[in-house]
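Have a look at the structure below, then the notes.
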Amino acid sequence: MSAMSDLDTTTARLRILSGLHEIAAADWDSVANPGWCMADGGRLSRSTIADKMVKELESLLEPADSTYEGIDFNPFISHAFLSSLEETGCATGRTGWAPRHLVLESENGAIWGAVPAYLKSHSQGEYVFDYGWADAFYRAGGQYYPKLQVSVPFTPATGRRFLVSPAIDHDAGLQALASGLVQVCKRSGASSVHATFLTHGEWDALGKLGYLQRTDQQFHFENKGYDSFDAFLGDLASRKRKAIKKERREALSAGIEIEWITGGDLSEAHWDAFHAFYEDTGARKWGRPYLNRAFFSRVSEKMADRILLVMAKREGKYIAGALNFIGSQTLFGRHWGCTEHHPYLHFEVCYYQAIDFAIQNRLTRVEAGAQGAHKLARGYLPVTTRSAHWIAHEGLHDAVADFLERERMAVEHENRVLSEHAPFRRDK
């Protein structure tokens, strides 16, 4: 099937889903991760999607953009991950994340595109902060909430948000979905649409459609074909290399052992231990953790092969852990917690073990979550993250546009300065 040059607006239609239960997993995944098939438990394989369709989607990729997943498998936009959030009550209307997923389909029900979207009554769990916008609008007499949020809840990881089938023209499908979001926003009485952690291509396209463009910063490890952690260390300046070796030694000096647990080896006992770590860290950081205990069991049931738990054990007892999700090319670090505090253990469990796993499994990058300039000295380089925003109120729109112009310049400057202080040898 070749890509359609245009969408026939007389036959294409938009449908709003109040939950992922209203669409078959295979239908959602056909546009979320085209070219891939994830079996129960998370075992990944190439699907039988036509080679020509895959090549047409690959032609849309931007190789220079290291954060663009393209048709690499992204676990967070899969039906399994998103439905786990809904089924366990983490992302529902009760928690302020009322699903309003948008689906683009043909008159005979073929899925041409989709967008994970939520009607929100707050700005928590997004990692792209707009509290100042909401406060300013409120003080001016406006009502900022509800708003329409295009994202993966509680997950600051770049990936496709406008899930257009390779069977249709990509630009036409994205435009139809973007316009549909504006209509949903207006009909819902929402103040705005916010699409976060977009690919570079989506960000550019939405900017041309009148969405305001925002940038921010994360730190990612890029695997340059290393065959071992020592090979990675060999790329670093001598002082940085010695510092990392010292941190790794001291992190485990109290008799701490590290375990990698994935797939069928994940047990409820592991999740009990990790959830205790997560609850402790979440309570200290933002008051109420976003994910409940049931979520970890549900997502493990659906996609255990896409999960890596890095657990630290001392004297036979787990004392710390980090939760990661595994894409086809990327390891995504998500949550960390501990019940004992040891120097450098956080760096070891979250950053160095992730690099080691990526190298051993020939993954091309590690995304270690939001923020954290301290990651730079540990081999994670600054990258730009992107979001786009449509705001109905003219006055708020203009004020935010002015702010974002200055913010983009600041982010660009900071990334440039930080890149000059990368830990890698200058003679490489």
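Residue numbers start at 1 in each chain; chains themselves are named A, B, ... in the order of the structure tokens; ligands are numbered from 1 in the order shown.
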(request) Please provide as JSON, numbers by chain all residues within 6 Å of segment 212-224 of chain A, with the sequence filter that same-chain residues fewer than 6 positions apart are discarded (counting only C-alpha atoms). (result) {"A": [364, 365, 366, 367, 370, 371, 380, 381, 382, 383, 384, 385, 386, 387, 388, 389, 404, 408]}
(request) Could you give me, as a ChimeraX atom specification, the residues within 9 Å of Gly234 of chain A, counting only C-alpha atoms and dropping anything in the same chain fewer than 5 positions from it? (result) /A:229,241,424-425
Mind writing the picked residues with N, CA, C and O atoms as a JSON list (two decimals), in the first residue's frame?
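This went into out_18.json:
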```
[["chain", "number", "residue", "atom", "x", "y", "z"],
["A", 229, "PHE", "N", 32.42, -0.84, 29.05],
["A", 229, "PHE", "CA", 32.41, 0.39, 29.84],
["A", 229, "PHE", "C", 33.81, 1.01, 29.86],
["A", 229, "PHE", "O", 33.96, 2.23, 29.80],
["A", 241, "ARG", "N", 37.86, 10.40, 34.00],
["A", 241, "ARG", "CA", 37.92, 8.94, 34.02],
["A", 241, "ARG", "C", 38.25, 8.44, 35.43],
["A", 241, "ARG", "O", 37.61, 7.51, 35.94],
["A", 424, "PHE", "N", 34.68, 14.59, 27.70],
["A", 424, "PHE", "CA", 35.43, 13.81, 26.73],
["A", 424, "PHE", "C", 36.76, 14.46, 26.37],
["A", 424, "PHE", "O", 36.91, 15.69, 26.44],
["A", 425, "ARG", "N", 37.68, 13.64, 25.99],
["A", 425, "ARG", "CA", 39.02, 14.12, 25.61],
["A", 425, "ARG", "C", 38.91, 15.07, 24.42],
["A", 425, "ARG", "O", 38.15, 14.85, 23.48]]
```
(message) Can you tell me which residues surround Ala377 of chain A at a distance of at most 7 Å, considering only C-alpha atoms, apart from same-chain residues fewer than 6 positions away, and format the answer as number ranges by chain?
(response) A: 240, 422-423
(request) Find the residue from A:Lys208, A:Ala322, A:Lys302, A:Asp235 that sits nearest to Glu259 of chain A; use only C-alpha atoms when measuring. (result)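 Going through A:Lys208, A:Ala322, A:Lys302, A:Asp235 one by one, the smallest distance to Glu259 of chain A is for A:Ala322.
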(message) Could you tell me how far atom CA of Ile71 of chain A sits from atom CA of His194 of chain A, in Å to one decimal place?
(response)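 One can read the atom CA of His194 of chain A to atom CA of Ile71 of chain A distance as 23.1 Å.
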(message) Please list as a list in words every residue within 9 Å of Glu202 of chain A, counting only C-alpha atoms and excluding residues in the same chain fewer than 3 positions away.
(response)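 Final neighbour list, sorted by chain and number: Arg160, Arg161, Phe162, Leu174, Leu198, Thr199, Ala205, Leu206, Gly207 and Ala388 of chain A.
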Any chance you can output those residues with C-alpha atoms as a tab-separated table (two decimals), in the first residue's frame?
```tsv
chain	number	residue	atom	x	y	z
A	160	ARG	CA	6.34	10.53	18.63
A	161	ARG	CA	3.09	12.04	19.87
A	162	PHE	CA	1.30	12.43	16.50
A	174	LEU	CA	-0.38	15.43	11.47
A	198	LEU	CA	7.92	16.01	20.78
A	199	THR	CA	10.26	14.86	18.05
A	205	ALA	CA	5.39	21.08	11.89
A	206	LEU	CA	3.30	22.36	14.81
A	207	GLY	CA	5.16	25.65	14.76
A	388	ALA	CA	4.38	23.00	21.43
```
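For Asp230 of chain A, the list of residues within 12 Å, based on only C-alpha atoms and with local chain neighbours fewer than 2 positions off taken out, reads A:Tyr226, A:Asp227, A:Ser228, A:Phe232, A:Leu233, A:Gly234, A:Asp235, A:Leu236, A:Arg241, A:Lys242, A:Ile244, A:Lys245, A:Tyr352, A:Ile355, A:Asp356, A:Ile359, A:Gln360.
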(request) Just list the residues in segment 46-245 of chain A DSSP gives strand (DSSP E or B) on the backbone, as a VMD selection string. (result) chain A and resid 46 97 to 99 101 to 105 111 to 115 117 to 120 147 to 150 163 to 164 192 to 196 212 to 222 236
(message) Could you check the closest approach to Thr155 of chain A for each of A:Trp36, A:Phe81, A:Trp28, A:Tyr351 and tell me which residue wins, using only C-alpha atoms?
(response)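 Of all the options, A:Phe81 lies closest to Thr155 of chain A.
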(message) What parts of segment 82-316 of chain A does DSSP call alpha helix (DSSP H)? I'd like the answer as a ChimeraX atom specification.
(response) /A:82-87,131-139,170-188,200-208,229-234,238-251,268-286,293-303
